[in-house]
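So the structure is just underneath, and the comments pick up after that.
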Amino acid sequence: RGWDAPFSDWGWEDLLPVKTITMTSLGVSFDLPLSVKDGDRAPERAMEISGLLIQDDLALMIEGIDGKYYFQAGSISLAGFWRMQDKIGMPLDDIHLTGNVPQYKERLQTSLERFFRRLAVDKPVIRNNYFIQVNRPEDKSEDGEKVDPEEIGWAQSTLGAEDAFVHGGHKLDKPKTETEKKLRAEVEWIRLRSERQTLRRLPHSGAVVFTIRTYLTPVVALGEEKGVPGRMASALRSWPADVGEYKGQERGGWFKPVVEYLDACHAGQEVGLDESEMDEKTREKGYPL
C-alpha cells in the first residue's frame, strides 16, 4: 500500500466506507478524512478526531528502516508525568531511557523490541501500571486560580509547573531540605493513578497503536474495598530501591501516611472478613492490584 492509500476503504455490510461519525450524546458530527489527500491537514484531522472519540490517549509507533519503532504521532491529553513535545520522534528505547524506567536496559530492552516486532493484528495486549500522586489543595495556577483538583492532566504537586518541567526529570530526587524531609501529606490528598494500556497492530500500515486510559482513585476509597488495603500496603513495601525512587517514594511525604492508613484499614477488615462475599470475578482477577 502506497503512502496515499485510503485510511479506510471498507464499510459495514458491503456499504461504502464510513464518512461521517456522530456522537449522539453530544450531537456532534465529524467528517472523516479517508486518505492523506482528503482535504487540508487530513492526517492531522484523522488523529484529532480519533482522540476526540475515545477517552484514551493515543500514541502511534511506526517501524523505521532500522527496525526500531518510533513515536510518530499521537493525541495525548492526560500523560500526567511526561510531555508529548519531549517524546515525539523518539525510538522506543529512548522513550524509556529518558523516562528513567528502572532496569529497562538490563531486563526489558531486548524483550520489548522483540515483542513489538512479533505483535499480531489479531492479538492486542492489555497491561496496567500505577503511581501514587499527591494533590495538595493549596496548589494554584500562575494567576492564583485553583486548577484541576484531581490533577489528572498534569501532576503539578509532584512535578511542579508543566512549562518548567525538564525532560528526563521524571526520576524524582530525594528531599534535600529539612522542610522537604518533614513534609507529610494528608491521606485525603493522595491518589492512586493507574493506567489501562493496550497495544495493537493496525492491519494496513503495520503501525502499533498504544492506548492509555487514566484513572485517578482516592486512597481513602481503596481503603474501604474489602481485601484491598493489606495487599496494596504489601505491594508498596515490596518495591525495590530503584522502583521506589522512580515512583517518588521519598518525595511529597506520602509513603508513610499511605502505608499507615492502609495497615489500619487492613487491621479493621481482618475481623470478620469473609472472602465468600467477594464475587467470583473479583477473586479471579485479584482486583485491583
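In the C-alpha cells, each chain is lettered A, B, ... as it comes, each chain's residues begin at 1, and ligands are numbered from 1 in order of appearance.
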Excluding A:Ala73 and residues on its chain fewer than 3 positions from it, collect all residues at most 9 Å away from it, counting only C-alpha atoms, and give them as a CSV table (one decimal) with N, CA and C atoms, in the first residue's frame.
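Writing done, so here's result15.csv:
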```csv
chain,number,residue,atom,x,y,z
A,44,GLU,N,-3.5,15.0,10.2
A,44,GLU,CA,-3.7,15.6,11.5
A,44,GLU,C,-5.2,15.5,11.9
A,47,MET,N,-6.1,12.1,13.2
A,47,MET,CA,-5.7,11.8,14.6
A,47,MET,C,-6.5,12.6,15.6
A,58,LEU,N,-3.7,8.4,22.8
A,58,LEU,CA,-3.3,7.5,21.6
A,58,LEU,C,-1.8,7.9,21.3
A,59,ALA,N,-1.0,6.9,21.1
A,59,ALA,CA,0.4,7.1,20.6
A,59,ALA,C,0.6,6.1,19.5
A,60,LEU,N,1.1,6.6,18.3
A,60,LEU,CA,1.3,5.8,17.2
A,60,LEU,C,2.8,5.5,17.0
A,61,MET,N,3.1,4.2,17.1
A,61,MET,CA,4.5,3.8,16.9
A,61,MET,C,4.7,3.1,15.6
A,62,ILE,N,5.7,3.7,14.8
A,62,ILE,CA,5.9,3.2,13.4
A,62,ILE,C,7.3,2.7,13.3
A,88,ILE,N,8.0,13.0,21.1
A,88,ILE,CA,7.7,12.7,19.7
A,88,ILE,C,8.9,12.6,18.9
A,89,GLY,N,8.9,11.6,18.0
A,89,GLY,CA,10.0,11.3,17.1
A,89,GLY,C,11.1,10.4,17.7
```
All residues 10 Å or closer to stretch 194-206 of chain A, only C-alpha atoms, same chain fewer than 6 positions away omitted, as an mmCIF file with C-alpha atoms, in the first residue's frame:
```
data_model
loop_
_atom_site.group_PDB
_atom_site.id
_atom_site.type_symbol
_atom_site.label_atom_id
_atom_site.label_comp_id
_atom_site.auth_asym_id
_atom_site.auth_seq_id
_atom_site.Cartn_x
_atom_site.Cartn_y
_atom_site.Cartn_z
ATOM 1 C CA ARG A 1 0.000 0.000 0.000
ATOM 2 C CA GLY A 2 1.339 3.422 -1.006
ATOM 3 C CA TRP A 3 1.679 6.483 1.217
ATOM 4 C CA ALA A 5 -3.606 4.731 0.178
ATOM 5 C CA PRO A 6 -7.024 5.216 1.808
ATOM 6 C CA PHE A 7 -7.160 5.228 5.617
ATOM 7 C CA SER A 8 -10.430 3.324 5.324
ATOM 8 C CA ASP A 56 -7.858 7.045 25.933
ATOM 9 C CA ASP A 57 -4.692 8.842 24.929
ATOM 10 C CA LEU A 58 -3.263 7.541 21.641
ATOM 11 C CA ALA A 59 0.366 7.054 20.592
ATOM 12 C CA LEU A 60 1.279 5.750 17.157
ATOM 13 C CA MET A 61 4.520 3.752 16.932
ATOM 14 C CA ILE A 62 5.861 3.193 13.411
ATOM 15 C CA GLU A 63 8.756 0.920 12.422
ATOM 16 C CA ALA A 79 0.068 11.989 30.322
ATOM 17 C CA PHE A 116 6.836 -5.077 19.103
ATOM 18 C CA ARG A 117 8.148 -6.923 16.054
ATOM 19 C CA ARG A 118 6.023 -10.004 16.776
ATOM 20 C CA LEU A 119 2.769 -8.297 17.829
ATOM 21 C CA ALA A 120 -0.019 -9.768 15.676
ATOM 22 C CA VAL A 121 -3.012 -7.846 14.318
ATOM 23 C CA ASP A 122 -5.496 -10.225 15.951
ATOM 24 C CA LYS A 123 -3.771 -10.346 19.358
ATOM 25 C CA PRO A 124 -3.965 -6.986 21.161
ATOM 26 C CA VAL A 125 -2.282 -6.836 24.558
ATOM 27 C CA ILE A 126 -3.549 -5.183 27.759
ATOM 28 C CA ARG A 127 -1.425 -4.142 30.719
ATOM 29 C CA ASN A 128 -1.785 -1.880 33.757
ATOM 30 C CA ASN A 129 0.564 0.261 35.815
ATOM 31 C CA TYR A 130 0.208 2.592 38.772
ATOM 32 C CA PHE A 131 1.776 5.525 40.601
ATOM 33 C CA ILE A 132 0.934 7.413 43.759
ATOM 34 C CA GLN A 133 0.055 11.073 43.254
ATOM 35 C CA ILE A 212 -3.626 4.848 27.609
ATOM 36 C CA ARG A 213 -6.748 5.201 29.754
ATOM 37 C CA THR A 214 -6.039 7.041 33.019
ATOM 38 C CA TYR A 215 -7.919 6.566 36.291
ATOM 39 C CA LEU A 216 -7.411 8.538 39.498
ATOM 40 C CA THR A 217 -8.770 6.947 42.689
#
```
12 Å contact set for A:Ile190, only C-alpha atoms, chain neighbours under 6 positions out, as a VMD selection string: chain A and resid 131 to 137 149 to 151 155 157 to 158 184 216 to 223 252 to 259 261
File dump, residues just selected, N, CA, C and O atoms, as a tab-separated table (two decimals), in the first residue's frame:
```
chain	number	residue	atom	x	y	z
A	131	PHE	N	0.93	4.61	39.84
A	131	PHE	CA	1.78	5.52	40.60
A	131	PHE	C	0.95	6.06	41.76
A	131	PHE	O	-0.28	5.92	41.79
A	132	ILE	N	1.62	6.68	42.70
A	132	ILE	CA	0.93	7.41	43.76
A	132	ILE	C	1.12	8.91	43.48
A	132	ILE	O	2.21	9.37	43.19
A	133	GLN	N	0.03	9.65	43.56
A	133	GLN	CA	0.06	11.07	43.25
A	133	GLN	C	-0.54	11.85	44.42
A	133	GLN	O	-1.58	11.48	44.96
A	134	VAL	N	0.13	12.94	44.81
A	134	VAL	CA	-0.35	13.80	45.89
A	134	VAL	C	-0.91	15.08	45.28
A	134	VAL	O	-0.21	15.80	44.57
A	135	ASN	N	-2.17	15.36	45.54
A	135	ASN	CA	-2.82	16.57	45.03
A	135	ASN	C	-3.07	17.53	46.19
A	135	ASN	O	-4.06	17.42	46.90
A	136	ARG	N	-2.14	18.45	46.38
A	136	ARG	CA	-2.24	19.35	47.52
A	136	ARG	C	-3.28	20.44	47.27
A	136	ARG	O	-3.27	21.08	46.22
A	137	PRO	N	-4.17	20.67	48.22
A	137	PRO	CA	-5.27	21.61	48.00
A	137	PRO	C	-4.82	23.05	47.80
A	137	PRO	O	-5.53	23.86	47.23
A	149	PRO	N	-8.47	20.05	40.65
A	149	PRO	CA	-8.13	19.50	41.97
A	149	PRO	C	-7.64	18.05	41.92
A	149	PRO	O	-6.92	17.62	42.81
A	150	GLU	N	-8.00	17.32	40.88
A	150	GLU	CA	-7.53	15.94	40.76
A	150	GLU	C	-6.21	15.84	39.99
A	150	GLU	O	-5.58	14.78	39.95
A	151	GLU	N	-5.81	16.91	39.32
A	151	GLU	CA	-4.54	16.96	38.58
A	151	GLU	C	-4.37	15.77	37.64
A	151	GLU	O	-3.30	15.17	37.55
A	155	ALA	N	0.59	16.28	36.84
A	155	ALA	CA	0.82	16.08	38.28
A	155	ALA	C	1.65	17.23	38.83
A	155	ALA	O	2.83	17.08	39.16
A	157	SER	N	1.55	18.87	41.71
A	157	SER	CA	2.02	18.75	43.08
A	157	SER	C	3.29	17.91	43.16
A	157	SER	O	4.12	18.09	44.05
A	158	THR	N	3.45	16.98	42.22
A	158	THR	CA	4.61	16.09	42.23
A	158	THR	C	5.76	16.64	41.41
A	158	THR	O	6.92	16.57	41.83
A	184	ARG	N	4.68	15.99	55.16
A	184	ARG	CA	3.79	14.85	55.34
A	184	ARG	C	2.46	15.17	54.67
A	184	ARG	O	1.82	16.17	54.98
A	216	LEU	N	-7.93	7.98	38.26
A	216	LEU	CA	-7.41	8.54	39.50
A	216	LEU	C	-8.39	8.18	40.61
A	216	LEU	O	-9.56	8.56	40.57
A	217	THR	N	-7.91	7.44	41.62
A	217	THR	CA	-8.77	6.95	42.69
A	217	THR	C	-8.24	7.39	44.04
A	217	THR	O	-7.06	7.16	44.35
A	218	PRO	N	-9.05	8.04	44.88
A	218	PRO	CA	-8.58	8.42	46.21
A	218	PRO	C	-8.17	7.19	47.02
A	218	PRO	O	-8.87	6.16	47.00
A	219	VAL	N	-7.06	7.30	47.73
A	219	VAL	CA	-6.60	6.18	48.56
A	219	VAL	C	-7.64	5.85	49.63
A	219	VAL	O	-7.82	4.68	49.99
A	220	VAL	N	-8.35	6.87	50.13
A	220	VAL	CA	-9.36	6.60	51.16
A	220	VAL	C	-10.48	5.72	50.60
A	220	VAL	O	-11.11	4.97	51.34
A	221	ALA	N	-10.75	5.80	49.29
A	221	ALA	CA	-11.75	4.93	48.68
A	221	ALA	C	-11.23	3.50	48.58
A	221	ALA	O	-11.97	2.54	48.82
A	222	LEU	N	-9.95	3.34	48.26
A	222	LEU	CA	-9.36	2.00	48.19
A	222	LEU	C	-9.35	1.35	49.57
A	222	LEU	O	-9.48	0.13	49.70
A	223	GLY	N	-9.17	2.17	50.61
A	223	GLY	CA	-9.14	1.64	51.97
A	223	GLY	C	-10.44	1.00	52.39
A	223	GLY	O	-10.47	0.19	53.32
A	252	GLY	N	7.38	14.16	48.57
A	252	GLY	CA	5.99	14.53	48.78
A	252	GLY	C	5.39	14.08	50.10
A	252	GLY	O	4.24	14.39	50.40
A	253	GLY	N	6.16	13.32	50.89
A	253	GLY	CA	5.70	12.92	52.21
A	253	GLY	C	4.46	12.04	52.21
A	253	GLY	O	3.67	12.05	53.15
A	254	TRP	N	4.32	11.20	51.16
A	254	TRP	CA	3.10	10.39	51.06
A	254	TRP	C	3.27	8.94	51.51
A	254	TRP	O	2.30	8.30	51.93
A	255	PHE	N	4.48	8.39	51.43
A	255	PHE	CA	4.64	6.95	51.60
A	255	PHE	C	4.21	6.48	53.00
A	255	PHE	O	3.39	5.55	53.13
A	256	LYS	N	4.75	7.11	54.03
A	256	LYS	CA	4.42	6.67	55.39
A	256	LYS	C	2.94	6.83	55.72
A	256	LYS	O	2.31	5.88	56.23
A	257	PRO	N	2.31	7.98	55.42
A	257	PRO	CA	0.88	8.10	55.70
A	257	PRO	C	0.03	7.08	54.95
A	257	PRO	O	-0.95	6.55	55.51
A	258	VAL	N	0.39	6.78	53.72
A	258	VAL	CA	-0.39	5.81	52.94
A	258	VAL	C	-0.29	4.42	53.56
A	258	VAL	O	-1.30	3.74	53.76
A	259	VAL	N	0.93	4.00	53.85
A	259	VAL	CA	1.12	2.66	54.42
A	259	VAL	C	0.43	2.54	55.77
A	259	VAL	O	-0.22	1.53	56.08
A	261	TYR	N	-2.13	4.24	56.87
A	261	TYR	CA	-3.58	4.24	56.66
A	261	TYR	C	-4.06	2.87	56.16
A	261	TYR	O	-5.06	2.33	56.65
```
Per-residue DSSP, stretch 38-112 of chain A, filtered to helix (DSSP H, G or I), as a ChimeraX atom specification: /A:42-53,84-87,92-98,104-112
Contacts of A:Lys19 at 10 Å (only C-alpha atoms; same-chain gap of 5+ positions) as a ChimeraX atom specification: /A:8,11,30-34
Distance criterion (only C-alpha atoms): nearest to A:Pro240 out of A:Arg41, A:Ile49, A:Leu26, A:Gln103: A:Gln103
Point-to-point distance from atom CA of A:Leu53 to atom CA of A:Met90, Å rounded to tenths: 25.9 Å
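For the pair atom CA of A:Ile152 and atom CA of A:Arg191, the separation is 10.1 Å.
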